[in-house]
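One structure below.
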Amino acid sequence: MIEFILNGNLVSTNSDATTRLLDVLRNEFNLTGTKEGCGEGECGACSVLIDGDLVTSCITAIGSIKGKTVVTIEGFRETEQYKVLEKAFAKAGAVQCGFCTPGMILAAHALLSKKSRPTYEDIREAISGNLCRCTGYNMIVDAIMIASKEGKGLW
Amino acid sequence: MVKGYYPKTINEVLEILSMEEEHMLICGGSDLMVTKKFAQNMIFINQIEELKEIKEDSNKIYIGAGCVYKEMIDNEIIPEVLREAIKHIASPAIRNIASIGGNICNASPAGDTLPVLYAMDAIIVKAFINKDGNLYITRVPICDFILGVRKIALEKNEMVIAIEIDKESYKNMTYSYYKKVGGRKSSAISKLSFVGLMKIENNIIKDVKMAFGAVGPTALRSREGEKILIGTKISDIEEKKEAVINFYDKLIIPIDDQRSTAKYRKKACLNLLNDFITYKN
Ligand SMILES: Cc1cc2nc3c(=O)[nH]c(=O)nc-3n(C[C@H](O)[C@H](O)[C@H](O)COP(=O)(O)OP(=O)(O)OC[C@H]3O[C@@H](n4cnc5c(N)ncnc54)[C@H](O)[C@@H]3O)c2cc1C
Ligand code: FES
Ligand code: FES
């Protein structure tokens with residue numbers, strides 16, 4: 001049995017140690033905000049936060065997060081920072097089909113937690129592992145810039 | 001069913017490894033979770049603090065095998081040229097979990113830390129426990145540790161615990177040079193890479209180290225090629241350049257694959273070599 005903290009609650013799973021965190025989240029905990037795109041660590045749709053760091057859950061074995069803290073988009077939704085990012089994404093038109101959005105939001109939060117006033121270059125680097133097939137990225141970059149300005153003191 | 005082990009110390013790992021059953025180490029899993037070739041018993045080593053140490057003494061630096069790229073990028077103990085290479089590996093999310101020990105032990109021709117480690121004559125520190133329960137630590141130069149594509153000199157009861165680098169091999173260099181050529185800026189596996197370290201004193205090349213990545217089964221470094229340059233006056237570099245480029249033209253035998261062609265690889269390698277040699281002129 002592997003225990004970890006999921007969105008603030010102590011949980012456990014009996015899955016094999018090499019089961020992907022992505023599958024545990026979606027199948028055992030019905031947290032379907034975490035998406036599967038490539039399944040190989042390349043698109044970022046499955047991004048979650050582990051001990052505050054952005055990680056792709058499709059190449060994370062459940063055994064490697066034993067005792068760690070996982071936050072998915074569902075958990076992050078409850079925060080003030082999420083509200084700022086949600087507004088900023090809407091304002092900039094940064095969401096089209098929405099498949100990349102949970103990963104983008106968490107990547108944005110991971111960046112802003114480290115650097116609350118990023119440059120455009122910082123933003124592009126921070127989302128460089130997150131692919132978007134719809135927006136062409138500029139709106140997402142703008143959204144994160146807006147959030148960094150609007151979210152004064154939150155990050 | 002796969003059984004997971006969660007040791008807290010290097011000693012505990014070695015004890016598990018010394019048992020009969022088939023075992024496999026998993027650190028960040030960023031290679032293993034893609035190939036999905038697991039053993040019946042998986043030993044998770046990503047939460048062992050002892051493997052995350054980065055330290056130095058007056059002669060050398062020591063990097064724990066479990067150090068992930070994120071921890072290395074901003075650490076001033078890590079040689080700048082290695083940090084430069086790491087910045088170009090994968091994406092932030094992967095760099096949060098992927099370890100240097102994993103990159104070395106995976107022994108991919110496209111492993112991006114490898115040419116840099118070859119150029120700096122890095123030493124791989126291995127450990128095992130023998131039948132009497134005694135701990136042994138052995139040191140192997142990286143070029144003898146990596147035997148071929150995904151082949152390393154590691155016994156079943158052994159693990160890599162650290163990488164050591166002699167400061168002489170990178171400090172006091174006049175300049176260092178690193179270039180990775182990939183399909184795009186982020187998350188690109190190398191088509192090829194080049195690393196060079198140059199030491200110039202009194203307008204004479206005192207030392208030079210050069211290695212190429214992704215153009216052969218292992219990283220490619222040649223003392224013979226470097227010797228052509230050592231002792232050369234900067235004013236004579238143009239003359240020597242041709243000999244060096246001809247030498248590597250014969251030595252580098254890349255292949256065609258899904259990422260690039262042999263022809264492109266060869267040409268780009270030689271251009272980078274040229275750029276490096278004449279960098280400060
Ligand atoms: C999307 C993506 C992009 C990538 N981009 C790059 C890139 O640009 N450049 C690059 O070089 N690589 C890249 N990689 C490959 C990978 O991230 C690196 O090779 C990484 O350093 C592997 O480390 P890990 O800890 O995740 O290894 P793991 O997958 O945990 O292990 C890899 C191998 O090493 C063995 N091992 C691990 N630690 C030890 C130890 N201490 N002793 C003995 N054996 C050990 C394991 O048993 C396994 O065989 C990429 C991977 C992905 C998924
Ligand atoms: S699904 Fe995990 S990175 Fe693409
Ligand atoms: S909005 Fe469709 S993938 Fe980004």
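Identifiers for the structure tokens are assigned positionally: chains receive A, B, ... in sequence, residues are indexed from 1 per chain, and ligands are indexed from 1 in the order shown.
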Site check for ligand 1: residues at most 7 Å away, only C-alpha atoms and all ligand atoms, as a PyMOL selection string: (chain A and resi 40-42+59) or (chain B and resi 24-34+65-66+88-91+94+97-106+110-113+159-161+187-190)
Preceding selection exported with C-alpha atoms as a compact mmCIF listing (two decimals), in the first residue's frame:
```txt
# COMPACT_ATOMS: atom_id res chain seq x y z
CA GLU A 40 5.53 10.10 -22.64
CA GLY A 41 6.33 13.25 -20.72
CA GLU A 42 6.33 15.50 -23.75
CA ILE A 59 5.83 9.21 -16.32
CA MET B 24 15.89 -2.87 -10.70
CA LEU B 25 16.63 0.63 -9.44
CA ILE B 26 14.29 3.45 -10.35
CA CYS B 27 15.15 7.08 -9.61
CA GLY B 28 13.09 9.74 -11.43
CA GLY B 29 11.67 7.12 -13.78
CA SER B 30 11.79 9.50 -16.75
CA ASP B 31 13.53 6.85 -18.85
CA LEU B 32 12.02 3.73 -17.28
CA MET B 33 8.40 4.92 -17.31
CA VAL B 34 8.67 5.51 -21.05
CA ALA B 65 23.73 10.08 -8.25
CA GLY B 66 20.19 11.00 -7.19
CA HIS B 88 18.88 22.19 -22.51
CA ILE B 89 17.57 18.85 -21.24
CA ALA B 90 13.84 18.20 -21.61
CA SER B 91 11.46 20.66 -19.89
CA ILE B 94 11.14 16.60 -16.36
CA ILE B 97 12.47 14.55 -11.40
CA ALA B 98 15.21 13.39 -13.79
CA SER B 99 18.54 12.51 -12.17
CA ILE B 100 22.11 12.61 -13.41
CA GLY B 101 22.65 9.04 -12.20
CA GLY B 102 19.70 7.96 -14.35
CA ASN B 103 21.12 9.73 -17.39
CA ILE B 104 24.48 7.98 -16.97
CA CYS B 105 23.08 4.52 -16.21
CA ASN B 106 20.58 4.73 -19.05
CA ALA B 110 21.74 10.91 -26.84
CA GLY B 111 22.28 11.29 -23.07
CA ASP B 112 23.15 14.97 -22.82
CA THR B 113 25.28 14.95 -19.67
CA MET B 159 24.70 0.84 -7.72
CA VAL B 160 26.12 4.19 -8.73
CA ILE B 161 26.26 6.49 -5.72
CA SER B 187 12.02 18.77 -24.98
CA ALA B 188 14.17 17.85 -27.97
CA ILE B 189 16.37 14.77 -27.94
CA SER B 190 19.79 15.69 -29.34
```
Nearby polymer residues, ligand 2, at most 10 Å, only C-alpha atoms and all ligand atoms, as a PyMOL selection string: (chain A and resi 20+22+34-48+55-60+100+103+129-131) or (chain B and resi 93-94)
Segment 72-83 of chain A surroundings by only C-alpha atoms, 8 Å radius, close-in-sequence under 5 positions cut, as a list in words: Leu6, Asn7, Gly8, Leu31, Gly33, Thr34, Ser47, Val48, Leu49, Pro102, Gly103, Ile105, Leu106, His109, Gly151, Leu154 and Trp155 of chain A
Keeping only N, CA, C and O atoms, write the selected residues to a file as a short mmCIF file (atom, residue, chain, number, x, y, z; two decimals), in the first residue's frame.
```cif
data_model
loop_
_atom_site.label_atom_id
_atom_site.label_comp_id
_atom_site.auth_asym_id
_atom_site.auth_seq_id
_atom_site.Cartn_x
_atom_site.Cartn_y
_atom_site.Cartn_z
N LEU A 6 -3.13 13.81 -1.10
CA LEU A 6 -3.74 14.23 -2.35
C LEU A 6 -4.70 15.38 -2.09
O LEU A 6 -5.70 15.21 -1.37
N ASN A 7 -4.39 16.52 -2.63
CA ASN A 7 -5.22 17.72 -2.44
C ASN A 7 -5.59 17.92 -0.98
O ASN A 7 -6.75 18.18 -0.64
N GLY A 8 -4.62 17.73 -0.11
CA GLY A 8 -4.81 18.01 1.31
C GLY A 8 -5.27 16.83 2.15
O GLY A 8 -5.29 16.92 3.38
N LEU A 31 -10.22 11.98 -10.56
CA LEU A 31 -9.75 13.34 -10.78
C LEU A 31 -9.38 13.47 -12.26
O LEU A 31 -8.23 13.31 -12.65
N GLY A 33 -9.49 16.01 -14.25
CA GLY A 33 -8.92 17.28 -14.73
C GLY A 33 -7.50 17.09 -15.21
O GLY A 33 -6.99 17.87 -16.02
N THR A 34 -6.84 16.05 -14.73
CA THR A 34 -5.49 15.72 -15.19
C THR A 34 -5.64 14.92 -16.47
O THR A 34 -6.23 13.85 -16.46
N SER A 47 0.18 17.37 -16.19
CA SER A 47 0.98 17.99 -15.13
C SER A 47 0.23 18.09 -13.81
O SER A 47 -0.96 18.42 -13.78
N VAL A 48 0.94 17.82 -12.73
CA VAL A 48 0.42 18.05 -11.37
C VAL A 48 1.57 18.67 -10.57
O VAL A 48 2.69 18.78 -11.08
N LEU A 49 1.28 19.06 -9.34
CA LEU A 49 2.34 19.56 -8.48
C LEU A 49 2.68 18.48 -7.46
O LEU A 49 1.79 17.92 -6.82
N PRO A 102 -5.47 22.76 -17.72
CA PRO A 102 -5.08 22.40 -16.34
C PRO A 102 -3.56 22.38 -16.17
O PRO A 102 -3.03 22.92 -15.18
N GLY A 103 -2.86 21.81 -17.15
CA GLY A 103 -1.40 21.76 -17.08
C GLY A 103 -0.78 23.14 -17.16
O GLY A 103 0.16 23.46 -16.45
N ILE A 105 -2.16 26.00 -16.28
CA ILE A 105 -2.44 26.74 -15.04
C ILE A 105 -1.46 26.32 -13.95
O ILE A 105 -0.90 27.15 -13.24
N LEU A 106 -1.21 25.02 -13.85
CA LEU A 106 -0.28 24.55 -12.81
C LEU A 106 1.16 24.96 -13.14
O LEU A 106 1.93 25.30 -12.24
N HIS A 109 1.40 28.53 -12.13
CA HIS A 109 1.51 28.66 -10.67
C HIS A 109 2.91 28.28 -10.19
O HIS A 109 3.49 28.96 -9.33
N GLY A 151 -2.19 39.47 -9.42
CA GLY A 151 -2.08 38.66 -8.20
C GLY A 151 -1.09 39.19 -7.20
O GLY A 151 -0.42 38.40 -6.52
N LEU A 154 0.06 37.60 -3.76
CA LEU A 154 -0.39 36.20 -3.62
C LEU A 154 0.75 35.22 -3.82
O LEU A 154 0.77 34.14 -3.24
N TRP A 155 1.69 35.59 -4.69
CA TRP A 155 2.80 34.69 -4.95
C TRP A 155 4.07 35.26 -4.35
O TRP A 155 4.22 36.46 -4.23
#
```
With ligand 3 as the partner and 9 Å as the cut-off, tabulate the residues of chain A that qualify, each row holding the nearest pair of atoms and their distance in Å to one decimal, using only C-alpha atoms and all ligand atoms, sorted by chain and rising number, as JSON lines.
```
{"residue": "A:Ala45", "atom": "CA", "partner": "ligand 3", "partner_atom_place_in_ligand_line": "3 (S)", "distance": 8.6}
{"residue": "A:Ala94", "atom": "CA", "partner": "ligand 3", "partner_atom_place_in_ligand_line": "1 (S)", "distance": 6.9}
{"residue": "A:Val95", "atom": "CA", "partner": "ligand 3", "partner_atom_place_in_ligand_line": "1 (S)", "distance": 4.7}
{"residue": "A:Gln96", "atom": "CA", "partner": "ligand 3", "partner_atom_place_in_ligand_line": "1 (S)", "distance": 4.0}
{"residue": "A:Cys97", "atom": "CA", "partner": "ligand 3", "partner_atom_place_in_ligand_line": "2 (Fe)", "distance": 3.9}
{"residue": "A:Gly98", "atom": "CA", "partner": "ligand 3", "partner_atom_place_in_ligand_line": "1 (S)", "distance": 4.3}
{"residue": "A:Phe99", "atom": "CA", "partner": "ligand 3", "partner_atom_place_in_ligand_line": "3 (S)", "distance": 4.9}
{"residue": "A:Cys100", "atom": "CA", "partner": "ligand 3", "partner_atom_place_in_ligand_line": "4 (Fe)", "distance": 4.4}
{"residue": "A:Thr101", "atom": "CA", "partner": "ligand 3", "partner_atom_place_in_ligand_line": "4 (Fe)", "distance": 6.0}
{"residue": "A:Met104", "atom": "CA", "partner": "ligand 3", "partner_atom_place_in_ligand_line": "4 (Fe)", "distance": 8.3}
{"residue": "A:Asn130", "atom": "CA", "partner": "ligand 3", "partner_atom_place_in_ligand_line": "4 (Fe)", "distance": 8.8}
{"residue": "A:Leu131", "atom": "CA", "partner": "ligand 3", "partner_atom_place_in_ligand_line": "3 (S)", "distance": 6.8}
{"residue": "A:Cys132", "atom": "CA", "partner": "ligand 3", "partner_atom_place_in_ligand_line": "4 (Fe)", "distance": 3.7}
{"residue": "A:Arg133", "atom": "CA", "partner": "ligand 3", "partner_atom_place_in_ligand_line": "3 (S)", "distance": 4.2}
{"residue": "A:Cys134", "atom": "CA", "partner": "ligand 3", "partner_atom_place_in_ligand_line": "2 (Fe)", "distance": 4.3}
{"residue": "A:Thr135", "atom": "CA", "partner": "ligand 3", "partner_atom_place_in_ligand_line": "1 (S)", "distance": 5.7}
{"residue": "A:Gly136", "atom": "CA", "partner": "ligand 3", "partner_atom_place_in_ligand_line": "4 (Fe)", "distance": 8.2}
{"residue": "A:Tyr137", "atom": "CA", "partner": "ligand 3", "partner_atom_place_in_ligand_line": "4 (Fe)", "distance": 8.0}
{"residue": "A:Ile140", "atom": "CA", "partner": "ligand 3", "partner_atom_place_in_ligand_line": "4 (Fe)", "distance": 8.7}
```
Could the residues in this selection be saved with N, CA, C and O atoms as a PDB file, in the first residue's frame?
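The new file out38.pdb reads:
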```pdb
ATOM      1  N   ALA A  45       0.081  17.804 -20.564  1.00  0.00           N
ATOM      2  CA  ALA A  45      -1.361  17.801 -20.266  1.00  0.00           C
ATOM      3  C   ALA A  45      -1.646  17.134 -18.913  1.00  0.00           C
ATOM      4  O   ALA A  45      -2.640  17.429 -18.265  1.00  0.00           O
ATOM      5  N   ALA A  94      -7.132  32.752 -23.408  1.00  0.00           N
ATOM      6  CA  ALA A  94      -6.074  31.735 -23.430  1.00  0.00           C
ATOM      7  C   ALA A  94      -6.614  30.307 -23.415  1.00  0.00           C
ATOM      8  O   ALA A  94      -5.838  29.358 -23.368  1.00  0.00           O
ATOM      9  N   VAL A  95      -7.953  30.167 -23.426  1.00  0.00           N
ATOM     10  CA  VAL A  95      -8.528  28.821 -23.413  1.00  0.00           C
ATOM     11  C   VAL A  95      -9.364  28.623 -24.667  1.00  0.00           C
ATOM     12  O   VAL A  95     -10.290  29.392 -24.929  1.00  0.00           O
ATOM     13  N   GLN A  96      -9.021  27.605 -25.443  1.00  0.00           N
ATOM     14  CA  GLN A  96      -9.896  27.263 -26.572  1.00  0.00           C
ATOM     15  C   GLN A  96     -10.521  25.911 -26.309  1.00  0.00           C
ATOM     16  O   GLN A  96     -11.548  25.821 -25.683  1.00  0.00           O
ATOM     17  N   CYS A  97      -9.875  24.807 -26.695  1.00  0.00           N
ATOM     18  CA  CYS A  97     -10.498  23.513 -26.389  1.00  0.00           C
ATOM     19  C   CYS A  97     -10.338  23.166 -24.908  1.00  0.00           C
ATOM     20  O   CYS A  97     -11.106  22.387 -24.354  1.00  0.00           O
ATOM     21  N   GLY A  98      -9.320  23.724 -24.273  1.00  0.00           N
ATOM     22  CA  GLY A  98      -9.150  23.537 -22.826  1.00  0.00           C
ATOM     23  C   GLY A  98      -8.354  22.326 -22.399  1.00  0.00           C
ATOM     24  O   GLY A  98      -8.099  22.134 -21.209  1.00  0.00           O
ATOM     25  N   PHE A  99      -7.937  21.509 -23.358  1.00  0.00           N
ATOM     26  CA  PHE A  99      -7.252  20.265 -22.979  1.00  0.00           C
ATOM     27  C   PHE A  99      -5.913  20.533 -22.289  1.00  0.00           C
ATOM     28  O   PHE A  99      -5.536  19.831 -21.354  1.00  0.00           O
ATOM     29  N   CYS A 100      -5.219  21.571 -22.724  1.00  0.00           N
ATOM     30  CA  CYS A 100      -3.902  21.865 -22.136  1.00  0.00           C
ATOM     31  C   CYS A 100      -4.025  22.719 -20.882  1.00  0.00           C
ATOM     32  O   CYS A 100      -3.042  22.914 -20.170  1.00  0.00           O
ATOM     33  N   THR A 101      -5.236  23.274 -20.652  1.00  0.00           N
ATOM     34  CA  THR A 101      -5.374  24.334 -19.640  1.00  0.00           C
ATOM     35  C   THR A 101      -5.012  23.915 -18.212  1.00  0.00           C
ATOM     36  O   THR A 101      -4.289  24.649 -17.530  1.00  0.00           O
ATOM     37  N   MET A 104      -1.339  23.979 -18.044  1.00  0.00           N
ATOM     38  CA  MET A 104      -0.823  25.350 -18.205  1.00  0.00           C
ATOM     39  C   MET A 104      -0.997  26.144 -16.909  1.00  0.00           C
ATOM     40  O   MET A 104      -0.108  26.888 -16.498  1.00  0.00           O
ATOM     41  N   ASN A 130       4.750  22.301 -22.006  1.00  0.00           N
ATOM     42  CA  ASN A 130       3.291  22.198 -22.128  1.00  0.00           C
ATOM     43  C   ASN A 130       2.875  22.584 -23.543  1.00  0.00           C
ATOM     44  O   ASN A 130       3.040  23.729 -23.954  1.00  0.00           O
ATOM     45  N   LEU A 131       2.342  21.613 -24.270  1.00  0.00           N
ATOM     46  CA  LEU A 131       1.941  21.894 -25.648  1.00  0.00           C
ATOM     47  C   LEU A 131       0.487  22.340 -25.703  1.00  0.00           C
ATOM     48  O   LEU A 131      -0.354  21.863 -24.957  1.00  0.00           O
ATOM     49  N   CYS A 132       0.214  23.270 -26.614  1.00  0.00           N
ATOM     50  CA  CYS A 132      -1.157  23.703 -26.871  1.00  0.00           C
ATOM     51  C   CYS A 132      -1.380  23.648 -28.366  1.00  0.00           C
ATOM     52  O   CYS A 132      -0.622  24.227 -29.128  1.00  0.00           O
ATOM     53  N   ARG A 133      -2.421  22.937 -28.785  1.00  0.00           N
ATOM     54  CA  ARG A 133      -2.676  22.800 -30.222  1.00  0.00           C
ATOM     55  C   ARG A 133      -3.580  23.899 -30.749  1.00  0.00           C
ATOM     56  O   ARG A 133      -3.837  23.972 -31.939  1.00  0.00           O
ATOM     57  N   CYS A 134      -4.125  24.730 -29.858  1.00  0.00           N
ATOM     58  CA  CYS A 134      -5.136  25.688 -30.308  1.00  0.00           C
ATOM     59  C   CYS A 134      -4.666  27.135 -30.336  1.00  0.00           C
ATOM     60  O   CYS A 134      -4.832  27.824 -31.324  1.00  0.00           O
ATOM     61  N   THR A 135      -4.099  27.605 -29.257  1.00  0.00           N
ATOM     62  CA  THR A 135      -3.975  29.064 -29.100  1.00  0.00           C
ATOM     63  C   THR A 135      -2.778  29.694 -29.788  1.00  0.00           C
ATOM     64  O   THR A 135      -2.771  30.902 -30.015  1.00  0.00           O
ATOM     65  N   GLY A 136      -1.752  28.927 -30.066  1.00  0.00           N
ATOM     66  CA  GLY A 136      -0.534  29.550 -30.584  1.00  0.00           C
ATOM     67  C   GLY A 136       0.303  30.181 -29.482  1.00  0.00           C
ATOM     68  O   GLY A 136       1.245  30.914 -29.762  1.00  0.00           O
ATOM     69  N   TYR A 137      -0.064  29.931 -28.251  1.00  0.00           N
ATOM     70  CA  TYR A 137       0.723  30.301 -27.047  1.00  0.00           C
ATOM     71  C   TYR A 137       0.687  31.766 -26.633  1.00  0.00           C
ATOM     72  O   TYR A 137       0.773  32.068 -25.442  1.00  0.00           O
ATOM     73  N   ILE A 140      -1.691  32.594 -23.957  1.00  0.00           N
ATOM     74  CA  ILE A 140      -1.371  31.959 -22.673  1.00  0.00           C
ATOM     75  C   ILE A 140      -0.267  32.751 -21.969  1.00  0.00           C
ATOM     76  O   ILE A 140      -0.346  33.021 -20.764  1.00  0.00           O
TER      77      ILE A 140
END
```
Spatial neighbours of Met1 of chain B, max dist 12 Å, only C-alpha atoms, sep filter under 2 positions, as an NGL selection string: (:A and (14-19)) or (:B and (3-4 or 38-42))
Å distance separating atom CA of Val149 of chain B from atom CA of Lys37 of chain B, one decimal place: 16.1 Å
Expected answer as a CSV table (one decimal) with N, CA, C and O atoms, in the first residue's frame: alpha helix (DSSP H) residues in segment 129-281 of chain B:
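Contents of the output file states-v7.csv:
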```
chain,number,residue,atom,x,y,z
B,142,ILE,N,34.4,7.5,-16.5
B,142,ILE,CA,33.2,7.4,-17.3
B,142,ILE,C,33.3,6.6,-18.6
B,142,ILE,O,32.5,5.8,-18.9
B,143,CYS,N,34.5,6.8,-19.2
B,143,CYS,CA,34.6,6.2,-20.5
B,143,CYS,C,34.8,4.7,-20.4
B,143,CYS,O,34.5,3.9,-21.3
B,144,ASP,N,35.1,4.2,-19.2
B,144,ASP,CA,35.2,2.7,-18.9
B,144,ASP,C,33.9,2.2,-18.3
B,144,ASP,O,33.6,1.0,-18.3
B,145,PHE,N,33.1,3.1,-17.8
B,145,PHE,CA,31.8,2.7,-17.2
B,145,PHE,C,30.7,2.5,-18.3
B,145,PHE,O,30.0,1.6,-18.3
B,223,ARG,N,41.8,11.8,-27.4
B,223,ARG,CA,43.0,12.5,-26.9
B,223,ARG,C,43.9,12.8,-28.1
B,223,ARG,O,44.6,13.8,-28.1
B,224,GLU,N,43.9,11.9,-29.1
B,224,GLU,CA,44.8,12.1,-30.2
B,224,GLU,C,44.4,13.4,-31.0
B,224,GLU,O,45.3,14.2,-31.4
B,225,GLY,N,43.1,13.6,-31.1
B,225,GLY,CA,42.7,14.8,-31.8
B,225,GLY,C,43.0,16.0,-31.0
B,225,GLY,O,43.4,17.0,-31.6
B,226,GLU,N,42.9,15.9,-29.7
B,226,GLU,CA,43.2,17.1,-28.8
B,226,GLU,C,44.7,17.4,-28.9
B,226,GLU,O,45.1,18.6,-28.8
B,227,LYS,N,45.5,16.4,-29.0
B,227,LYS,CA,47.0,16.6,-29.0
B,227,LYS,C,47.4,17.4,-30.2
B,227,LYS,O,48.4,18.1,-30.2
B,228,ILE,N,46.6,17.3,-31.3
B,228,ILE,CA,47.0,18.1,-32.5
B,228,ILE,C,47.0,19.6,-32.1
B,228,ILE,O,47.8,20.4,-32.6
B,229,LEU,N,46.1,20.0,-31.2
B,229,LEU,CA,45.9,21.4,-30.9
B,229,LEU,C,46.8,21.8,-29.8
B,229,LEU,O,47.3,23.0,-29.7
B,237,ILE,N,46.7,29.0,-35.4
B,237,ILE,CA,45.5,28.2,-35.3
B,237,ILE,C,44.9,27.9,-36.7
B,237,ILE,O,44.5,26.8,-37.0
B,238,GLU,N,44.9,28.9,-37.6
B,238,GLU,CA,44.3,28.7,-38.9
B,238,GLU,C,44.9,27.5,-39.6
B,238,GLU,O,44.2,26.7,-40.2
B,239,GLU,N,46.2,27.4,-39.5
B,239,GLU,CA,46.9,26.3,-40.2
B,239,GLU,C,46.6,24.9,-39.5
B,239,GLU,O,46.3,24.0,-40.2
B,240,LYS,N,46.5,24.9,-38.2
B,240,LYS,CA,46.3,23.6,-37.5
B,240,LYS,C,44.8,23.2,-37.7
B,240,LYS,O,44.5,22.0,-37.6
B,241,LYS,N,43.9,24.2,-37.8
B,241,LYS,CA,42.5,23.9,-37.9
B,241,LYS,C,42.2,22.8,-38.9
B,241,LYS,O,41.4,21.9,-38.6
B,242,GLU,N,42.8,22.9,-40.0
B,242,GLU,CA,42.4,22.0,-41.1
B,242,GLU,C,42.8,20.5,-40.7
B,242,GLU,O,42.0,19.6,-40.9
B,243,ALA,N,44.0,20.4,-40.1
B,243,ALA,CA,44.4,19.0,-39.6
B,243,ALA,C,43.4,18.5,-38.6
B,243,ALA,O,43.0,17.3,-38.6
B,244,VAL,N,43.0,19.4,-37.7
B,244,VAL,CA,42.0,18.9,-36.7
B,244,VAL,C,40.7,18.5,-37.3
B,244,VAL,O,40.1,17.4,-37.0
B,245,ILE,N,40.2,19.3,-38.2
B,245,ILE,CA,38.9,19.0,-38.8
B,245,ILE,C,39.0,17.8,-39.6
B,245,ILE,O,38.1,16.9,-39.6
B,246,ASN,N,40.1,17.6,-40.4
B,246,ASN,CA,40.3,16.4,-41.1
B,246,ASN,C,40.3,15.1,-40.2
B,246,ASN,O,39.7,14.1,-40.6
B,247,PHE,N,41.0,15.3,-39.1
B,247,PHE,CA,41.1,14.2,-38.1
B,247,PHE,C,39.7,13.8,-37.7
B,247,PHE,O,39.3,12.6,-37.7
B,248,TYR,N,38.9,14.7,-37.2
B,248,TYR,CA,37.5,14.4,-36.7
B,248,TYR,C,36.6,14.0,-37.9
B,248,TYR,O,35.7,13.2,-37.6
B,249,ASP,N,36.8,14.5,-39.0
B,249,ASP,CA,36.0,14.1,-40.2
B,249,ASP,C,36.1,12.6,-40.4
B,249,ASP,O,35.1,11.9,-40.7
B,250,LYS,N,37.3,12.0,-40.2
B,250,LYS,CA,37.5,10.6,-40.3
B,250,LYS,C,37.0,9.8,-39.1
B,250,LYS,O,36.5,8.7,-39.2
B,251,LEU,N,37.1,10.5,-37.9
B,251,LEU,CA,36.7,9.8,-36.7
B,251,LEU,C,35.2,9.7,-36.4
B,251,LEU,O,34.7,8.7,-35.9
B,262,ALA,N,23.1,11.1,-41.2
B,262,ALA,CA,24.5,11.0,-40.9
B,262,ALA,C,25.2,12.2,-41.5
B,262,ALA,O,26.1,12.8,-40.9
B,263,LYS,N,24.8,12.6,-42.7
B,263,LYS,CA,25.5,13.7,-43.4
B,263,LYS,C,25.3,15.0,-42.6
B,263,LYS,O,26.3,15.8,-42.4
B,264,TYR,N,24.1,15.2,-42.2
B,264,TYR,CA,23.8,16.5,-41.4
B,264,TYR,C,24.6,16.5,-40.1
B,264,TYR,O,25.2,17.5,-39.8
B,265,ARG,N,24.6,15.3,-39.5
B,265,ARG,CA,25.3,15.3,-38.2
B,265,ARG,C,26.8,15.6,-38.3
B,265,ARG,O,27.4,16.3,-37.6
B,266,LYS,N,27.4,14.9,-39.3
B,266,LYS,CA,28.8,15.1,-39.6
B,266,LYS,C,29.1,16.6,-39.8
B,266,LYS,O,30.0,17.2,-39.2
B,267,LYS,N,28.4,17.2,-40.7
B,267,LYS,CA,28.6,18.6,-41.1
B,267,LYS,C,28.5,19.5,-39.9
B,267,LYS,O,29.3,20.4,-39.7
B,268,ALA,N,27.4,19.3,-39.2
B,268,ALA,CA,27.1,20.2,-38.0
B,268,ALA,C,28.2,20.0,-36.9
B,268,ALA,O,28.7,21.0,-36.4
B,269,CYS,N,28.7,18.8,-36.7
B,269,CYS,CA,29.8,18.5,-35.8
B,269,CYS,C,31.0,19.3,-36.2
B,269,CYS,O,31.7,20.0,-35.3
B,270,LEU,N,31.4,19.2,-37.4
B,270,LEU,CA,32.6,19.8,-37.9
B,270,LEU,C,32.5,21.4,-37.8
B,270,LEU,O,33.4,22.1,-37.5
B,271,ASN,N,31.3,21.9,-38.1
B,271,ASN,CA,31.1,23.3,-38.0
B,271,ASN,C,31.2,23.8,-36.6
B,271,ASN,O,31.8,24.8,-36.3
B,272,LEU,N,30.7,23.0,-35.7
B,272,LEU,CA,30.7,23.4,-34.2
B,272,LEU,C,32.2,23.3,-33.8
B,272,LEU,O,32.7,24.2,-33.0
B,273,LEU,N,32.9,22.3,-34.2
B,273,LEU,CA,34.3,22.2,-33.9
B,273,LEU,C,35.1,23.4,-34.4
B,273,LEU,O,35.9,24.0,-33.6
B,274,ASN,N,34.8,23.8,-35.6
B,274,ASN,CA,35.5,25.0,-36.2
B,274,ASN,C,35.2,26.2,-35.3
B,274,ASN,O,36.0,27.0,-35.0
B,275,ASP,N,33.9,26.3,-35.0
B,275,ASP,CA,33.4,27.5,-34.3
B,275,ASP,C,34.1,27.6,-32.9
B,275,ASP,O,34.6,28.6,-32.4
B,276,PHE,N,34.2,26.4,-32.3
B,276,PHE,CA,34.9,26.3,-30.9
B,276,PHE,C,36.3,26.7,-31.0
B,276,PHE,O,36.8,27.5,-30.2
B,277,ILE,N,37.1,26.2,-32.0
B,277,ILE,CA,38.5,26.4,-32.1
B,277,ILE,C,38.8,27.9,-32.3
B,277,ILE,O,39.7,28.4,-31.7
```
Secondary structure check, strand (DSSP E) residues of segment 139-221 of chain B, as an MDAnalysis selection string: chainID B and resid 139:141 146:148 151:152 159:166 175:181 192:201 204:213
Nearest to chain A, chosen from B:Asp121, B:Lys185, B:Ile146, B:Leu51, with only C-alpha atoms counted in the distances: B:Lys185
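Contact shell of Met120 of chain B at 8 Å (only C-alpha atoms; same-chain neighbours under 6 positions omitted): Ile165, Asp166, Ser169, Tyr170 and Lys209 of chain B.
Comparing B:Ala153, B:Ile16, B:Ile45, B:Ala107 by their smallest distance to chain A, the closest is B:Ile45 (using only C-alpha atoms).
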